[in-house]
Structure formats: C-alpha cells, structure tokens
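> Below is one structure. I have some questions about it.
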Amino acid sequence: MNRFDHERLDVYQVALQFVILAHKIVEYLPKGHSHLSNQLQRATLSISLNIAEGAGEFSSAEKARFYRIARRSATECASIIDICRCLKLSDLTKVVTR
C-alpha cells in the first residue's frame with residue numbers, strides 16, 4: 001500500500017532504479033574521480049527527491065517546477081555518464097549487465 005502520492009508514479013519508481021544503477025556505476029569508477037562520483041550521486045538523488053516534492057504539491061505551476069528540476073538533474077546524470085565514457089573511466093557495459 002502506497003502512503004504517498006509520489007510512490008504511485010511510474011517515473012518515481014524508475015528514478016529509484018536509476019539510483020541503484022548510478023550506485024553501481026560509481027563502484028566502477030577508478031580512484032581519483034570522486035568529484036564525478038559525488039556529482040552523479042547528488043544529481044541522481046535530486047531526480048527522485050524532486051519528483052516526490054512535485055507530487056506533493058497542489059499548485060500545478062509548482063508541480064511543473066519540481067518536475068522540470070528533476071528532468072534537469074536527469075540530463076546532468078546523462079552528461080556525467082557521457083564524460084565517464086569519453087574519458088574511458090569505466091566499462092559501463094559491465095554495470096548494466098551486472
């Protein structure tokens with residue numbers, strides 16, 4: 001039984017799964033790149049947190065604002081993963097198949 005509105009949202013459930021995937025990605029990053037690890041973890045958490053905050057809002061404008069922030073955080077995560085791939089910091093295929 002879901003107690004909060006955000007728990008019923010498919011996008012929130014996907015965001016939680018992405019938190020798990022990002023955690024696995026961080027495990028594969030080599031030492032010396034904690035700045036990327038920290039930024040990825042913060043941006044990943046921001047996605048689910050802003051979805052939850054948006055779902056709790058009554059104002060349509062405020063809902064939309066939080067959902068836009070969540071989307072921007074998702075874009076930030078995509079960029080961080082692109083950077084890791086470009087710098088050849090991690091074999092992301094290992095992460096996805098693990």
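Residues in the structure tokens are numbered from 1 in each chain, the chains being A, B, ... in the order shown, and ligands are numbered from 1 in the order shown.
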DSSP says helix (DSSP H, G or I) for which residues of range 26-93 of chain A? Put them as an NGL selection string?

:A and (26-28 or 34-55 or 60-86 or 92-93)

> List as a list of chain:residue names the protein and nucleic acid residues near range 42-45 of chain A, meaning an atom at most 8 Å away when only C-alpha atoms are counted, but skip any in the same chain fewer than 6 places from it.

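Contacts, in chain order: A:Ala15, A:Phe18, A:Val19, A:Ala22, A:Ser73, A:Ala74, A:Glu76, A:Cys77.
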
> Which residues, written as a PyMOL selection string, have at least one atom at most 9 Å from range 52-59 of chain A, with only C-alpha atoms counted and residues fewer than 3 positions away on the same chain left out?

chain A and resi 4-7+9+12+47-49+62-67

> Using all heavy atoms, can you export the residues from the last selection as a CSV table (one decimal), in the first residue's frame?


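Output below, filename selection_26.csv:
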chain,number,residue,atom,x,y,z
A,4,PHE,N,2.2,7.7,0.0
A,4,PHE,CA,2.4,9.0,-0.5
A,4,PHE,C,2.1,9.0,-2.0
A,4,PHE,O,2.3,8.0,-2.7
A,4,PHE,CB,3.8,9.4,-0.3
A,4,PHE,CG,4.2,9.6,1.2
A,4,PHE,CD1,4.9,8.6,1.8
A,4,PHE,CD2,3.8,10.7,1.9
A,4,PHE,CE1,5.2,8.8,3.2
A,4,PHE,CE2,4.1,10.9,3.2
A,4,PHE,CZ,4.8,9.9,3.9
A,5,ASP,N,1.7,10.1,-2.5
A,5,ASP,CA,1.3,10.3,-3.9
A,5,ASP,C,2.5,9.9,-4.9
A,5,ASP,O,2.3,9.2,-5.9
A,5,ASP,CB,0.9,11.7,-4.3
A,5,ASP,CG,-0.4,12.1,-3.7
A,5,ASP,OD1,-1.2,11.2,-3.2
A,5,ASP,OD2,-0.7,13.3,-3.6
A,6,HIS,N,3.7,10.3,-4.5
A,6,HIS,CA,4.8,10.0,-5.4
A,6,HIS,C,5.1,8.5,-5.6
A,6,HIS,O,5.6,8.1,-6.6
A,6,HIS,CB,6.1,10.8,-5.0
A,6,HIS,CG,6.6,10.3,-3.7
A,6,HIS,ND1,6.2,10.8,-2.5
A,6,HIS,CD2,7.6,9.4,-3.4
A,6,HIS,CE1,6.8,10.2,-1.5
A,6,HIS,NE2,7.7,9.4,-2.0
A,7,GLU,N,4.8,7.7,-4.6
A,7,GLU,CA,5.0,6.3,-4.6
A,7,GLU,C,4.2,5.6,-5.7
A,7,GLU,O,4.6,4.5,-6.2
A,7,GLU,CB,4.8,5.6,-3.3
A,7,GLU,CG,5.7,6.1,-2.2
A,7,GLU,CD,5.4,5.6,-0.8
A,7,GLU,OE1,4.2,5.7,-0.4
A,7,GLU,OE2,6.3,5.0,-0.2
A,9,LEU,N,3.7,6.9,-8.7
A,9,LEU,CA,4.2,7.3,-10.0
A,9,LEU,C,5.2,6.4,-10.6
A,9,LEU,O,6.2,6.1,-9.9
A,9,LEU,CB,4.8,8.7,-9.9
A,9,LEU,CG,3.9,9.9,-9.5
A,9,LEU,CD1,4.7,11.1,-9.3
A,9,LEU,CD2,2.8,10.1,-10.5
A,12,TYR,N,8.7,7.8,-10.7
A,12,TYR,CA,9.4,7.8,-9.4
A,12,TYR,C,10.0,6.4,-9.2
A,12,TYR,O,11.2,6.3,-8.7
A,12,TYR,CB,8.4,8.1,-8.2
A,12,TYR,CG,9.1,8.0,-6.9
A,12,TYR,CD1,9.9,9.0,-6.5
A,12,TYR,CD2,8.9,7.0,-6.0
A,12,TYR,CE1,10.6,9.0,-5.2
A,12,TYR,CE2,9.5,6.9,-4.8
A,12,TYR,CZ,10.3,7.9,-4.4
A,12,TYR,OH,11.0,7.8,-3.2
A,47,ILE,N,16.9,13.7,-8.7
A,47,ILE,CA,15.8,13.3,-9.6
A,47,ILE,C,14.6,12.8,-8.7
A,47,ILE,O,13.5,13.3,-8.8
A,47,ILE,CB,16.2,12.2,-10.6
A,47,ILE,CG1,17.3,12.7,-11.5
A,47,ILE,CG2,15.0,11.7,-11.4
A,47,ILE,CD1,18.0,11.6,-12.3
A,48,SER,N,14.9,11.8,-7.9
A,48,SER,CA,13.8,11.2,-7.1
A,48,SER,C,13.2,12.1,-6.1
A,48,SER,O,12.0,12.2,-5.9
A,48,SER,CB,14.2,9.9,-6.5
A,48,SER,OG,15.4,10.0,-5.7
A,49,LEU,N,14.1,12.9,-5.5
A,49,LEU,CA,13.6,13.9,-4.5
A,49,LEU,C,12.7,14.9,-5.1
A,49,LEU,O,11.7,15.3,-4.5
A,49,LEU,CB,14.8,14.5,-3.8
A,49,LEU,CG,15.7,13.6,-2.9
A,49,LEU,CD1,16.9,14.3,-2.4
A,49,LEU,CD2,14.9,13.0,-1.8
A,62,GLU,N,3.8,24.8,-9.4
A,62,GLU,CA,4.9,24.3,-8.5
A,62,GLU,C,5.2,22.8,-8.9
A,62,GLU,O,6.4,22.5,-8.8
A,62,GLU,CB,4.4,24.4,-7.0
A,62,GLU,CG,4.6,25.8,-6.5
A,62,GLU,CD,6.1,26.3,-6.5
A,62,GLU,OE1,6.9,25.6,-5.8
A,62,GLU,OE2,6.4,27.2,-7.2
A,63,LYS,N,4.2,22.0,-9.2
A,63,LYS,CA,4.4,20.7,-9.6
A,63,LYS,C,5.3,20.7,-10.8
A,63,LYS,O,6.3,19.9,-10.8
A,63,LYS,CB,3.1,20.0,-10.0
A,63,LYS,CG,2.4,19.2,-8.9
A,63,LYS,CD,1.2,18.5,-9.6
A,63,LYS,CE,0.3,17.9,-8.5
A,63,LYS,NZ,0.9,17.0,-7.6
A,64,ALA,N,5.0,21.5,-11.8
A,64,ALA,CA,5.8,21.5,-13.0
A,64,ALA,C,7.2,22.0,-12.7
A,64,ALA,O,8.1,21.5,-13.3
A,64,ALA,CB,5.1,22.5,-14.0
A,65,ARG,N,7.4,23.0,-11.8
A,65,ARG,CA,8.7,23.4,-11.5
A,65,ARG,C,9.6,22.3,-10.9
A,65,ARG,O,10.7,22.1,-11.4
A,65,ARG,CB,8.6,24.6,-10.5
A,65,ARG,CG,9.9,25.3,-10.2
A,65,ARG,CD,9.8,26.5,-9.3
A,65,ARG,NE,9.5,26.1,-7.9
A,65,ARG,CZ,10.4,25.7,-7.0
A,65,ARG,NH1,11.7,25.7,-7.4
A,65,ARG,NH2,10.1,25.5,-5.8
A,66,PHE,N,9.0,21.5,-10.0
A,66,PHE,CA,9.8,20.4,-9.4
A,66,PHE,C,10.1,19.4,-10.5
A,66,PHE,O,11.2,18.8,-10.5
A,66,PHE,CB,9.1,19.8,-8.2
A,66,PHE,CG,9.2,20.6,-7.0
A,66,PHE,CD1,8.2,21.3,-6.4
A,66,PHE,CD2,10.5,20.6,-6.3
A,66,PHE,CE1,8.3,22.1,-5.3
A,66,PHE,CE2,10.6,21.4,-5.1
A,66,PHE,CZ,9.6,22.1,-4.6
A,67,TYR,N,9.1,19.1,-11.3
A,67,TYR,CA,9.4,18.1,-12.4
A,67,TYR,C,10.4,18.6,-13.4
A,67,TYR,O,11.2,17.8,-13.9
A,67,TYR,CB,8.1,17.7,-13.1
A,67,TYR,CG,7.0,17.0,-12.2
A,67,TYR,CD1,5.7,17.1,-12.5
A,67,TYR,CD2,7.4,16.3,-11.1
A,67,TYR,CE1,4.8,16.4,-11.7
A,67,TYR,CE2,6.5,15.6,-10.3
A,67,TYR,CZ,5.2,15.7,-10.6
A,67,TYR,OH,4.3,15.1,-9.8

> Can you pull out every residue within 8 Å of Ser90 in chain A, counting only C-alpha atoms, but drop anything in the same chain fewer than 2 positions away, and send it as an MDAnalysis selection string?

chainID A and resid 25 28:30 84:85 88 92

> Please indicate the distance in Å from CA of Ile69 in chain A to CA of His35 in chain A, rounded to one decimal place.

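Computed distance, CA of Ile69 in chain A to CA of His35 in chain A, equals 21.2 Å.
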
> Smallest atom-to-atom distance to Lys31 in chain A: which of A:Leu89, A:Leu16, A:Val11, A:Ala70, using only C-alpha atoms?

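Checking each of A:Leu89, A:Leu16, A:Val11, A:Ala70 against Lys31 in chain A, counting only C-alpha atoms, the winner is A:Leu89.
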
> Could you check the closest approach to Asn38 in chain A for each of A:Val14, A:Ile20, A:Ala61, A:Ile80 and tell me which residue wins, using only C-alpha atoms?

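Residue with the minimum atom-to-atom distance to Asn38 in chain A: A:Ile80.
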
> Please measure the separation of CA of Val26 in chain A and CA of Asp82 in chain A, giving the value in Å to one decimal.

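Straight-line distance from CA of Val26 in chain A to CA of Asp82 in chain A works out to 13.6 Å.
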
> So how many Å separate CA of Glu27 in chain A and CA of Gln39 in chain A, to one decimal?

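Result for CA of Glu27 in chain A versus CA of Gln39 in chain A: 13.8 Å, one decimal.
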